[in-house]
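**Student:** Handing you a structure now.
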Amino acid sequence: MAASGETPAVGTGRRDAADDPEIWADPADPARGVILGTDKQAGLHVYDLGGQQLQFLPEGRLNNVDLRSGFPAEGRPQILIGASNRSAGGVSFFLADPAAPGAPTVRRWGFAATTVSEPYGFCLGRRGQAFVAVMVGVDGDVSQYGVTEVAGGPVLVQERSFTVGSQSEGCVVDDAKGMLYVAEEAKGIWRYSLDPATGSTRTLLASAPSAMLAPDVEGLALLREGDKTWLIASSQGDSAFAVWRVDGAEPAYAGRFSVVAGSGADAVTGTDGLAALGGPVGAYPQGLVVVQDDADTPGETASTVRSRQNFKLVDWRAVKLALGL
């Protein structure tokens, strides 16, 4: 399906290196929201829901970003944002006030060190009332932490650690099902319980290389739509995206899609990170998918040009139509 919009290229003095996005929209007013995007050479970009830049926070080599609403900090519920920081060796945390008028302003909250080989993949989740952070090291070593506020700043308390097997990055938490999905880049997608007592017990959701996934397997995202939950994975090797329905007892494969040129945006190639949010999101009445594009100019290829990268916006309705969901 065609792209429906895009952000500006993430260009900084250290060249473009867009990596991973995330989306927040106000459930009470879906026109209010932001798209976050990491520049893994420089920091964090904040865009409106149409893709126009609102802020840039120069926080160093931020790789993956995620968020959860309702985090208790500074005496009120806030949007908790975390990003893996390869420069500093841990998680850079940010807060945004969901009650503030207009698009929420993102501000730095603090930093917490982690124990993995090198911070790479990152995702947030909730287990009941507890907030959880998962850091994936570049070597495939994973640490899971509880996240709390202490003395006005973030604190991580390690709950468990395990090894995936080889280089891994993308991860996403299904709060409703209590599941953690991790993408092992050359092997496929693993499913773990979020319960730390389960240790390293896991099942393979999909292998790679396969008809579904062409390595590297990169970003993972969940989209909730009523009683349905969809897992979307980046199949970087063939610039495509695979989709599963995961709210049932067992995951059900639903198909694959690619993003072609449209609305003045070029086609998506070599995607790394992605994000998805179901329901009304700005101009998207049923949901929005945001994907990293490794080459933001027609005719470029990811293997030869890395000077322009950005994030493309995709209407979830177009994905559903293409896959017959």
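Following the order of the structure tokens, chains are lettered A, B, ..., residues in each are numbered from 1, and ligands are numbered from 1.
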Hey, what does DSSP flag as strand (DSSP E) within segment 199-239 of chain A? Can you give it to me as a count of residues only?

**Tutor:** 23

**Student:** Pick out the residues sitting within 12 Å of Leu321 of chain A, and hand them over as an NGL selection string; count only C-alpha atoms, and ignore anything fewer than 3 positions along from it in its own chain.

**Tutor:** :A and (1-2 or 255-257 or 286 or 315-318 or 324-325)

**Student:** Store the residues picked out above in a file with N, CA, C and O atoms, as a short mmCIF file (atom, residue, chain, number, x, y, z; two decimals), in the first residue's frame.

**Tutor:**
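Dumped everything to result31.cif:
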data_model
loop_
_atom_site.label_atom_id
_atom_site.label_comp_id
_atom_site.auth_asym_id
_atom_site.auth_seq_id
_atom_site.Cartn_x
_atom_site.Cartn_y
_atom_site.Cartn_z
N MET A 1 0.83 -1.19 0.00
CA MET A 1 0.00 0.00 0.00
C MET A 1 0.87 1.25 0.00
O MET A 1 2.06 1.18 0.32
N ALA A 2 0.27 2.38 -0.33
CA ALA A 2 1.01 3.62 -0.47
C ALA A 2 1.21 4.31 0.88
O ALA A 2 0.34 4.26 1.76
N GLY A 255 -0.45 -12.37 6.96
CA GLY A 255 0.06 -11.94 5.66
C GLY A 255 1.18 -10.92 5.79
O GLY A 255 1.65 -10.61 6.88
N ARG A 256 1.57 -10.39 4.62
CA ARG A 256 2.69 -9.44 4.53
C ARG A 256 2.28 -8.26 3.65
O ARG A 256 1.44 -8.39 2.77
N PHE A 257 2.94 -7.12 3.88
CA PHE A 257 2.72 -5.96 3.03
C PHE A 257 4.01 -5.18 2.87
O PHE A 257 4.94 -5.30 3.67
N GLN A 286 -8.84 4.72 11.96
CA GLN A 286 -8.76 3.35 12.48
C GLN A 286 -7.38 2.98 13.00
O GLN A 286 -7.21 1.92 13.60
N ASP A 315 -1.60 4.48 6.70
CA ASP A 315 -2.96 4.35 7.20
C ASP A 315 -3.27 2.87 7.46
O ASP A 315 -3.17 2.04 6.54
N TRP A 316 -3.66 2.54 8.68
CA TRP A 316 -3.96 1.15 9.02
C TRP A 316 -5.09 0.60 8.15
O TRP A 316 -5.14 -0.60 7.85
N ARG A 317 -6.02 1.44 7.71
CA ARG A 317 -7.10 0.98 6.84
C ARG A 317 -6.54 0.39 5.55
O ARG A 317 -7.09 -0.60 5.02
N ALA A 318 -5.46 0.97 5.04
CA ALA A 318 -4.86 0.46 3.81
C ALA A 318 -4.24 -0.92 4.03
O ALA A 318 -4.32 -1.80 3.16
N GLY A 324 -6.93 -8.09 3.73
CA GLY A 324 -8.25 -8.65 3.96
C GLY A 324 -8.52 -8.94 5.43
O GLY A 324 -9.19 -9.91 5.77
N LEU A 325 -8.04 -8.07 6.31
CA LEU A 325 -8.22 -8.28 7.75
C LEU A 325 -9.62 -7.87 8.17
O LEU A 325 -10.12 -6.83 7.71
#

**Student:** Please identify all polymer residues within 7 Å of segment 15-23 of chain A, counting only C-alpha atoms, omitting same-chain residues fewer than 2 positions from it, and present them as JSON, numbers by chain.

**Tutor:** {"A": [10, 11, 12, 13, 25, 34, 35, 36, 37, 38, 39, 40, 41, 63, 64, 65, 66, 272, 273, 274, 275, 276, 277, 290, 292, 306, 307, 308, 309, 310]}

**Student:** Restricting the calculation to only C-alpha atoms: of A:Phe111, A:Phe93, A:Tyr181, A:Tyr192, which residue gets closest to Ile232 of chain A?

**Tutor:** A:Tyr181

**Student:** Name all residues at most 12 Å from Gly82 of chain A (count only C-alpha atoms; drop same-chain ones fewer than 4 positions away) and give them as an MDAnalysis selection string.

**Tutor:** chainID A and resid 20:22 36:38 43:44 59 62:69 71 90:96 106:112 121:125 131:135 147 154 156

**Student:** State, in Å with one decimal place, the distance from atom CA of Leu223 of chain A to atom CA of Phe56 of chain A.

**Tutor:**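 Interatomic distance, atom CA of Leu223 of chain A to atom CA of Phe56 of chain A: 26.1 Å.
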
**Student:** Of the candidates A:Leu213, A:Ala176, A:Cys171, A:Leu323, which shows the shortest atom-to-atom distance to Arg191 of chain A, using only C-alpha atoms?

**Tutor:**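 The closest residue to Arg191 of chain A is A:Cys171.
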
**Student:** Based on the backbone DSSP call, show me all residues of segment 132-320 of chain A assigned helix (DSSP H, G or I), as a PyMOL selection string.

**Tutor:** chain A and resi 196-198+236-238+316-320

**Student:** Grab the residues selected above and save them as a PDB file, in the first residue's frame with N, CA and C atoms.

**Tutor:**
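Produced file part_3.pdb, reproduced below:
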ATOM      1  N   PRO A 196       8.856 -12.577  35.412  1.00  0.00           N
ATOM      2  CA  PRO A 196      10.280 -12.881  35.535  1.00  0.00           C
ATOM      3  C   PRO A 196      10.559 -14.272  36.080  1.00  0.00           C
ATOM      4  N   ALA A 197       9.577 -14.872  36.768  1.00  0.00           N
ATOM      5  CA  ALA A 197       9.781 -16.210  37.322  1.00  0.00           C
ATOM      6  C   ALA A 197       9.916 -17.271  36.239  1.00  0.00           C
ATOM      7  N   THR A 198       9.494 -16.950  35.012  1.00  0.00           N
ATOM      8  CA  THR A 198       9.591 -17.922  33.913  1.00  0.00           C
ATOM      9  C   THR A 198      10.984 -17.975  33.304  1.00  0.00           C
ATOM     10  N   GLN A 236      13.429  -6.886   7.192  1.00  0.00           N
ATOM     11  CA  GLN A 236      14.327  -5.915   6.569  1.00  0.00           C
ATOM     12  C   GLN A 236      14.939  -6.419   5.273  1.00  0.00           C
ATOM     13  N   GLY A 237      15.166  -7.724   5.200  1.00  0.00           N
ATOM     14  CA  GLY A 237      15.853  -8.289   4.043  1.00  0.00           C
ATOM     15  C   GLY A 237      15.112  -8.127   2.738  1.00  0.00           C
ATOM     16  N   ASP A 238      13.778  -8.019   2.783  1.00  0.00           N
ATOM     17  CA  ASP A 238      13.030  -7.792   1.548  1.00  0.00           C
ATOM     18  C   ASP A 238      12.093  -6.583   1.670  1.00  0.00           C
ATOM     19  N   TRP A 316      -3.657   2.538   8.684  1.00  0.00           N
ATOM     20  CA  TRP A 316      -3.963   1.148   9.017  1.00  0.00           C
ATOM     21  C   TRP A 316      -5.094   0.596   8.151  1.00  0.00           C
ATOM     22  N   ARG A 317      -6.018   1.441   7.712  1.00  0.00           N
ATOM     23  CA  ARG A 317      -7.095   0.983   6.843  1.00  0.00           C
ATOM     24  C   ARG A 317      -6.537   0.388   5.551  1.00  0.00           C
ATOM     25  N   ALA A 318      -5.456   0.972   5.041  1.00  0.00           N
ATOM     26  CA  ALA A 318      -4.861   0.461   3.807  1.00  0.00           C
ATOM     27  C   ALA A 318      -4.238  -0.918   4.032  1.00  0.00           C
ATOM     28  N   VAL A 319      -3.643  -1.118   5.199  1.00  0.00           N
ATOM     29  CA  VAL A 319      -3.069  -2.432   5.522  1.00  0.00           C
ATOM     30  C   VAL A 319      -4.193  -3.463   5.612  1.00  0.00           C
ATOM     31  N   LYS A 320      -5.252  -3.130   6.313  1.00  0.00           N
ATOM     32  CA  LYS A 320      -6.373  -4.071   6.461  1.00  0.00           C
ATOM     33  C   LYS A 320      -6.986  -4.424   5.111  1.00  0.00           C
TER      34      LYS A 320
END

**Student:** Could you list, as a JSON list (two decimals) with C-alpha atoms, in the first residue's frame, every residue within 7 Å of Glu218 of chain A, counting only C-alpha atoms and ignoring same-chain residues fewer than 2 positions away?

**Tutor:**
[["chain", "number", "residue", "atom", "x", "y", "z"],
["A", 169, "GLU", "CA", 17.08, -5.70, 18.73],
["A", 170, "GLY", "CA", 13.34, -5.30, 18.25],
["A", 183, "ALA", "CA", 13.35, -10.31, 17.36],
["A", 185, "GLU", "CA", 17.76, -10.75, 13.71],
["A", 216, "ASP", "CA", 17.39, -9.13, 9.41],
["A", 220, "LEU", "CA", 8.25, -5.16, 16.31],
["A", 233, "ALA", "CA", 7.37, -7.22, 12.28],
["A", 234, "SER", "CA", 9.91, -5.62, 9.98],
["A", 235, "SER", "CA", 11.33, -8.07, 7.43],
["A", 236, "GLN", "CA", 14.33, -5.92, 6.57],
["A", 272, "ASP", "CA", 14.56, -0.89, 10.97],
["A", 273, "GLY", "CA", 12.08, 0.22, 13.66]]

**Student:** Would you pick out the contacts of Gly248 of chain A at 10 Å or less, using only C-alpha atoms, so that residues sharing its chain but fewer than 5 positions from it are not included, and give the list as a ChimeraX atom specification?

**Tutor:** /A:177,227-229

**Student:** Write to file, as a JSON list (two decimals), in the first residue's frame, the residues of the selection just made, with N, CA, C and O atoms.

**Tutor:**
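To be explicit, this is the file written out as again-v5.json:
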[["chain", "number", "residue", "atom", "x", "y", "z"],
["A", 177, "LYS", "N", -1.76, -9.55, 27.49],
["A", 177, "LYS", "CA", -1.48, -10.98, 27.53],
["A", 177, "LYS", "C", -0.29, -11.33, 28.41],
["A", 177, "LYS", "O", -0.03, -12.52, 28.66],
["A", 227, "ASP", "N", -11.20, -6.03, 20.23],
["A", 227, "ASP", "CA", -10.74, -7.25, 20.88],
["A", 227, "ASP", "C", -9.63, -7.94, 20.11],
["A", 227, "ASP", "O", -9.20, -9.04, 20.48],
["A", 228, "LYS", "N", -9.13, -7.30, 19.06],
["A", 228, "LYS", "CA", -8.07, -7.89, 18.25],
["A", 228, "LYS", "C", -6.73, -7.20, 18.53],
["A", 228, "LYS", "O", -6.68, -5.99, 18.73],
["A", 229, "THR", "N", -5.67, -7.99, 18.55],
["A", 229, "THR", "CA", -4.32, -7.45, 18.69],
["A", 229, "THR", "C", -3.46, -8.02, 17.58],
["A", 229, "THR", "O", -3.40, -9.25, 17.38]]

**Student:** So, with only C-alpha atoms as the atoms that count, which of A:Ser200, A:Gln55, A:Ser193, A:Ser87 lies closest to Val142 of chain A?

**Tutor:**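 Nearest candidate to Val142 of chain A out of A:Ser200, A:Gln55, A:Ser193, A:Ser87: A:Ser200.
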
**Student:** Residues within 12 Å of Pro101 of chain A, please, as an MDAnalysis selection string. Count only C-alpha atoms; anything in the same chain fewer than 4 positions from it doesn't count.

**Tutor:** chainID A and resid 26 29 31:33 96:97 105
